[in-house]
Amino acid sequence: MKRVFLIVLDSFGIGEMEDAAAYGDQGTNTLRSVSSSSAFYMPYMKQMGLFNIDGVTCGAGVETPTARIARMKEASRGKDTTIGHWEIAGICSRRPLPTYPKGFPEEVLQAFRKATGRGVLCNMPYSGTEVIQKYGDEHRKTGDLIVYTSADSVFQIAAHEEVVPVETLYEYCRQARRILQGEHAVGRVIARPFVGTSGHYTRTSKRHDFSLEPPGTTMLDQLKAADKAVISVGKIQDIFAGRGITDFVYTQGNGEGIERTLDYLAQNFEGLCFVNLVDFDMLYGHRNDIDGYAGALAYFDRKLPEILKKLREDDILMITADHGCDPGYTVSTDHSREYTPFLMYGRKVVPANLGTRETFADIGATVLDYFGIRPEFAGASML
C-alpha cells in the first residue's frame, strides 16, 4: 500500500530567484534570515540535506544526506499561495492573478453592495490586524463590511461576529466569489470574522477561504480519478476549491497540522496526504518575526523523528514550500520570489542531489509517477 505525505512549509524560501528584482524582492532569502536567529535549530532537516541544496550557503551541508534533494524554481508568474500550490500540483500560471494596490474598482464594489445589501469600508491594501482596529467601530455602527486586500490576489471581508453571523459572512464571500470572475478573478475571497470591543478587536479562528477553481487538470484530479485517496490537512482543501479532494481536515496552526498528519500516518489508505503548515507565513513571515519563524521551524524539526518513525516500508515523505516570505526583509512584509527546497525521504528512496528543477510541477509529476499515473501536465518525475 503506497502512501505519499507531502508537507508544504508555507513560505519557506531558500533564496531569491533570478527574476526577483522584477517583483521587488532582490536580496530576499528566508532561510538565511531565520538561520541567523538563536532559535534556529534544524538538525534533522540538516541531516536530510537541507544545506546541501544548490545555492544554500547559510549552513554547512552533510557528507551523506539521507534524502533526495533539489532546489525548486517557480515557472509561474507570481509568488502567492494559490499559484505556488497549483504549480506543485501541475498547473503553471503564465499570467499572474490580479492584484489591487489601489483597491477594487467601482464596478466590483457596486455588484458586491447590490448582492449583500451592505456598504463597504476601507477598500485598500491593509494589515488584517490593523484594519479591524481602524474600521471596527464604524463597521459596528453602520453594518458596512470591511473590504480590503494585500499584495496577494485576495478579496478579504472582515466583519464582527455580533454584527454579521459567521455563516452570513460566508454567504457574502460566496457572492463575492461569483462576482470576481474573468479579469477580476482573484485567487481567494477570504472571510475574516472578528470579535471584541473598541480598541481590542481580535480575529477569530473561523477564517475561511473561497478559492478560484484550478483552471486545468491537477495531480489531485488524476489521483482521485484513479481511485486513490487525496487527503487535505490545513488549507489545501480551500486552495483547490475542494476539487480532487477525498477527505479533509482544517487546522488551527502548525501544531494541530502536525498532529493531524501523525493521525493519518497511523491510518490505512493508498494515496496522498497533502499538508499545509501556514504559521511560518501567516504568523511570522508577514510580521517580520525572525525569531518566531525560526522557533516554528525548530518545532517542526523536533517533530520530524516522530513522523519518520511512523513511515511504512512503501511510504514517501516530501517536504517543500510554495514561495518565500523573508522575515528579515524590512522593505516589505509581502511574499518573496524565491526558490524553494525539496526533500524526499523513504526507505526505498535513493538519496541524491537533483540540482535545480525548472518547475514546482516536478513534484506533482513525481507523486503521480509513484502511483504509476502519467501526468496530464508538464512536469518531470524525480523518482
# chains A, B, ... in the order shown; residues from 1 in each chain; ligands from 1
>>> residues_around(residues="segment 292-294 of chain A", least_positions_apart="5", cutoff="10 Å", atoms="only C-alpha atoms", output="list in words")
Phe12, Thr30, Leu31, Ser33, Val34, Ser35, Ser36, Ser37, Ser38, Ala39, Phe40, Tyr41, Met42, Asp279, Phe280, Asp281, Met282, Leu283, Tyr284, Gly285, Arg287, Tyr299, Phe300, Asp326 and Pro327 of chain A
>>> residues_around(residues="segment 198-204 of chain A", least_positions_apart="5", cutoff="7 Å", atoms="only C-alpha atoms", output="list in words")
Ile132, Gln133, Asp137, Arg192 and Pro193 of chain A
>>> residues_around(residues="segment 16-27 of chain A", least_positions_apart="2", cutoff="9 Å", atoms="only C-alpha atoms", output="VMD selection string")
chain A and resid 13 to 14 29 to 30 73 to 74 78 to 79 324 329 331 to 332 335 to 339
>>> residues_around(residues="Lys206 of chain A", least_positions_apart="2", cutoff="12 Å", atoms="only C-alpha atoms", output="ChimeraX atom specification")
/A:158-161,165-167,169-170,190-195,202-204,208-209,250-252
>>> write_last_selection(atoms="C-alpha atoms", output="mmCIF file, in the first residue's frame")
data_model
loop_
_atom_site.group_PDB
_atom_site.id
_atom_site.type_symbol
_atom_site.label_atom_id
_atom_site.label_comp_id
_atom_site.auth_asym_id
_atom_site.auth_seq_id
_atom_site.Cartn_x
_atom_site.Cartn_y
_atom_site.Cartn_z
ATOM 1 C CA ALA A 158 -13.876 41.391 7.788
ATOM 2 C CA ALA A 159 -16.977 41.509 9.960
ATOM 3 C CA HIS A 160 -17.701 41.415 13.689
ATOM 4 C CA GLU A 161 -19.486 38.209 14.652
ATOM 5 C CA PRO A 165 -23.082 35.989 11.848
ATOM 6 C CA VAL A 166 -20.254 33.821 10.542
ATOM 7 C CA GLU A 167 -22.472 31.779 8.209
ATOM 8 C CA LEU A 169 -20.279 36.265 6.216
ATOM 9 C CA TYR A 170 -19.505 33.025 4.389
ATOM 10 C CA ILE A 190 -11.359 35.307 2.414
ATOM 11 C CA ALA A 191 -13.812 35.588 5.307
ATOM 12 C CA ARG A 192 -12.175 37.328 8.280
ATOM 13 C CA PRO A 193 -14.551 37.265 11.273
ATOM 14 C CA PHE A 194 -13.513 39.134 14.419
ATOM 15 C CA VAL A 195 -14.752 39.789 17.941
ATOM 16 C CA THR A 202 -9.202 40.294 17.554
ATOM 17 C CA ARG A 203 -9.646 37.940 14.608
ATOM 18 C CA THR A 204 -11.117 34.527 15.312
ATOM 19 C CA HIS A 208 -12.499 30.593 5.554
ATOM 20 C CA ASP A 209 -11.052 30.831 2.030
ATOM 21 C CA TYR A 250 -8.962 22.057 8.796
ATOM 22 C CA THR A 251 -6.379 23.023 11.405
ATOM 23 C CA GLN A 252 -5.705 25.984 13.680
#
>>> select_by_dssp(residues="segment 178-339 of chain A", states="strand (DSSP E or B)", output="MDAnalysis selection string")
chainID A and resid 188:195 202:203 208:211 229:233 247:249 271:277 315:320 324 336 338
>>> write_last_selection(atoms="C-alpha atoms", output="PDB file, in the first residue's frame")
ATOM      1  CA  ARG A 188      -9.047  33.838  -2.984  1.00  0.00           C
ATOM      2  CA  VAL A 189     -12.005  35.501  -1.327  1.00  0.00           C
ATOM      3  CA  ILE A 190     -11.359  35.307   2.414  1.00  0.00           C
ATOM      4  CA  ALA A 191     -13.812  35.588   5.307  1.00  0.00           C
ATOM      5  CA  ARG A 192     -12.175  37.328   8.280  1.00  0.00           C
ATOM      6  CA  PRO A 193     -14.551  37.265  11.273  1.00  0.00           C
ATOM      7  CA  PHE A 194     -13.513  39.134  14.419  1.00  0.00           C
ATOM      8  CA  VAL A 195     -14.752  39.789  17.941  1.00  0.00           C
ATOM      9  CA  THR A 202      -9.202  40.294  17.554  1.00  0.00           C
ATOM     10  CA  ARG A 203      -9.646  37.940  14.608  1.00  0.00           C
ATOM     11  CA  HIS A 208     -12.499  30.593   5.554  1.00  0.00           C
ATOM     12  CA  ASP A 209     -11.052  30.831   2.030  1.00  0.00           C
ATOM     13  CA  PHE A 210     -13.162  30.662  -1.128  1.00  0.00           C
ATOM     14  CA  SER A 211     -10.674  29.916  -3.868  1.00  0.00           C
ATOM     15  CA  ALA A 229      -7.152   8.788  -1.521  1.00  0.00           C
ATOM     16  CA  VAL A 230      -6.401  12.523  -1.621  1.00  0.00           C
ATOM     17  CA  ILE A 231      -6.347  13.822   1.956  1.00  0.00           C
ATOM     18  CA  SER A 232      -6.067  17.532   2.746  1.00  0.00           C
ATOM     19  CA  VAL A 233      -4.640  18.819   6.034  1.00  0.00           C
ATOM     20  CA  ASP A 247     -11.086  13.754   2.701  1.00  0.00           C
ATOM     21  CA  PHE A 248     -10.032  16.880   4.563  1.00  0.00           C
ATOM     22  CA  VAL A 249      -9.457  18.377   7.969  1.00  0.00           C
ATOM     23  CA  GLY A 271      -2.771   7.772  -1.997  1.00  0.00           C
ATOM     24  CA  LEU A 272      -1.672  11.255  -0.989  1.00  0.00           C
ATOM     25  CA  CYS A 273      -1.834  13.200   2.267  1.00  0.00           C
ATOM     26  CA  PHE A 274      -1.239  16.855   1.281  1.00  0.00           C
ATOM     27  CA  VAL A 275      -0.385  19.123   4.236  1.00  0.00           C
ATOM     28  CA  ASN A 276      -0.022  22.894   4.556  1.00  0.00           C
ATOM     29  CA  LEU A 277       1.628  24.356   7.674  1.00  0.00           C
ATOM     30  CA  ASP A 315       5.742   5.436   2.250  1.00  0.00           C
ATOM     31  CA  ILE A 316       7.382   8.566   0.871  1.00  0.00           C
ATOM     32  CA  LEU A 317       7.729  11.863   2.742  1.00  0.00           C
ATOM     33  CA  MET A 318       8.151  15.054   0.705  1.00  0.00           C
ATOM     34  CA  ILE A 319       8.905  18.458   2.232  1.00  0.00           C
ATOM     35  CA  THR A 320       8.755  21.652   0.184  1.00  0.00           C
ATOM     36  CA  GLY A 324       9.157  32.800   0.242  1.00  0.00           C
ATOM     37  CA  SER A 336       9.091  36.986  -1.781  1.00  0.00           C
ATOM     38  CA  GLU A 338      12.391  32.685  -4.002  1.00  0.00           C
TER      39      GLU A 338
END
>>> closest_residue(among="A:Ile88, A:Gly355, A:Gly49, A:Leu212", to="Ala378 of chain A", atoms="only C-alpha atoms")
A:Ile88
>>> closest_residue(among="A:Asp369, A:Arg68, A:Glu130, A:Gln47", to="Gln222 of chain A", atoms="only C-alpha atoms")
A:Asp369
>>> residues_around(residues="Ala60 of chain A", least_positions_apart="4", cutoff="12 Å", atoms="only C-alpha atoms", output="count of residues only")
14
>>> closest_residue(among="A:Gly253, A:Gly196, A:Gly364, A:Gly182", to="Leu6 of chain A", atoms="only C-alpha atoms")
A:Gly364
>>> residues_around(residues="Gly117 of chain A", least_positions_apart="3", cutoff="12 Å", atoms="only C-alpha atoms", output="list of chain:residue names")
A:Leu109, A:Gln110, A:Ala111, A:Phe112, A:Arg113, A:Lys114, A:Val120, A:Gly143, A:Asp144, A:Leu145, A:Tyr172, A:Gln175
>>> select_by_dssp(residues="segment 127-308 of chain A", states="alpha helix (DSSP H)", output="number ranges by chain")
A: 128-142, 166-179, 219-225, 236-239, 254-265, 279, 290-308
>>> closest_residue(among="A:Gly90, A:Pro214, A:Gly136, A:Gly61", to="Ser381 of chain A", atoms="only C-alpha atoms")
A:Gly90
>>> decode(residues="segment 24-49 of chain A", atoms="N, CA and C atoms", output="mmCIF file, in the first residue's frame")
data_model
loop_
_atom_site.group_PDB
_atom_site.id
_atom_site.type_symbol
_atom_site.label_atom_id
_atom_site.label_comp_id
_atom_site.auth_asym_id
_atom_site.auth_seq_id
_atom_site.Cartn_x
_atom_site.Cartn_y
_atom_site.Cartn_z
ATOM 1 N N GLY A 24 10.354 43.128 -6.965
ATOM 2 C CA GLY A 24 10.750 43.967 -5.841
ATOM 3 C C GLY A 24 11.356 43.182 -4.698
ATOM 4 N N ASP A 25 11.921 41.998 -5.006
ATOM 5 C CA ASP A 25 12.380 41.093 -3.949
ATOM 6 C C ASP A 25 13.882 40.801 -3.998
ATOM 7 N N GLN A 26 14.646 41.671 -4.610
ATOM 8 C CA GLN A 26 16.079 41.416 -4.685
ATOM 9 C C GLN A 26 16.692 41.356 -3.285
ATOM 10 N N GLY A 27 17.529 40.357 -3.069
ATOM 11 C CA GLY A 27 18.196 40.208 -1.778
ATOM 12 C C GLY A 27 17.444 39.374 -0.769
ATOM 13 N N THR A 28 16.250 38.904 -1.111
ATOM 14 C CA THR A 28 15.478 38.117 -0.142
ATOM 15 C C THR A 28 16.030 36.700 -0.018
ATOM 16 N N ASN A 29 15.970 36.180 1.195
ATOM 17 C CA ASN A 29 16.397 34.804 1.453
ATOM 18 C C ASN A 29 15.835 34.408 2.820
ATOM 19 N N THR A 30 14.688 33.735 2.802
ATOM 20 C CA THR A 30 14.010 33.384 4.047
ATOM 21 C C THR A 30 14.881 32.495 4.926
ATOM 22 N N LEU A 31 15.474 31.461 4.346
ATOM 23 C CA LEU A 31 16.312 30.548 5.129
ATOM 24 C C LEU A 31 17.494 31.279 5.759
ATOM 25 N N ARG A 32 18.129 32.145 4.995
ATOM 26 C CA ARG A 32 19.277 32.882 5.545
ATOM 27 C C ARG A 32 18.857 33.739 6.731
ATOM 28 N N SER A 33 17.721 34.407 6.600
ATOM 29 C CA SER A 33 17.264 35.281 7.687
ATOM 30 C C SER A 33 16.956 34.495 8.952
ATOM 31 N N VAL A 34 16.200 33.407 8.817
ATOM 32 C CA VAL A 34 15.807 32.667 10.017
ATOM 33 C C VAL A 34 16.979 31.926 10.634
ATOM 34 N N SER A 35 17.952 31.533 9.804
ATOM 35 C CA SER A 35 19.103 30.797 10.344
ATOM 36 C C SER A 35 20.011 31.686 11.176
ATOM 37 N N SER A 36 19.791 33.014 11.105
ATOM 38 C CA SER A 36 20.588 33.944 11.918
ATOM 39 C C SER A 36 20.078 34.020 13.352
ATOM 40 N N SER A 37 18.901 33.445 13.605
ATOM 41 C CA SER A 37 18.299 33.511 14.930
ATOM 42 C C SER A 37 18.865 32.448 15.864
ATOM 43 N N SER A 38 18.963 32.785 17.127
ATOM 44 C CA SER A 38 19.412 31.809 18.129
ATOM 45 C C SER A 38 18.377 30.707 18.324
ATOM 46 N N ALA A 39 17.140 30.949 17.852
ATOM 47 C CA ALA A 39 16.082 29.948 17.981
ATOM 48 C C ALA A 39 16.126 28.906 16.862
ATOM 49 N N PHE A 40 16.940 29.165 15.856
ATOM 50 C CA PHE A 40 17.001 28.252 14.703
ATOM 51 C C PHE A 40 17.807 27.002 15.049
ATOM 52 N N TYR A 41 17.182 25.843 14.893
ATOM 53 C CA TYR A 41 17.872 24.580 15.168
ATOM 54 C C TYR A 41 17.147 23.484 14.402
ATOM 55 N N MET A 42 17.773 22.996 13.328
ATOM 56 C CA MET A 42 17.123 22.003 12.474
ATOM 57 C C MET A 42 18.080 20.843 12.148
ATOM 58 N N PRO A 43 18.512 20.104 13.149
ATOM 59 C CA PRO A 43 19.485 19.032 12.898
ATOM 60 C C PRO A 43 18.946 17.913 12.003
ATOM 61 N N TYR A 44 17.664 17.604 12.090
ATOM 62 C CA TYR A 44 17.119 16.502 11.291
ATOM 63 C C TYR A 44 16.964 16.902 9.829
ATOM 64 N N MET A 45 16.495 18.128 9.586
ATOM 65 C CA MET A 45 16.428 18.613 8.208
ATOM 66 C C MET A 45 17.834 18.758 7.626
ATOM 67 N N LYS A 46 18.780 19.147 8.470
ATOM 68 C CA LYS A 46 20.167 19.246 8.015
ATOM 69 C C LYS A 46 20.677 17.883 7.581
ATOM 70 N N GLN A 47 20.388 16.847 8.364
ATOM 71 C CA GLN A 47 20.850 15.507 8.015
ATOM 72 C C GLN A 47 20.175 15.016 6.730
ATOM 73 N N MET A 48 18.942 15.426 6.521
ATOM 74 C CA MET A 48 18.256 15.041 5.287
ATOM 75 C C MET A 48 18.895 15.698 4.074
ATOM 76 N N GLY A 49 19.526 16.871 4.276
ATOM 77 C CA GLY A 49 20.233 17.512 3.168
ATOM 78 C C GLY A 49 19.815 18.934 2.880
#
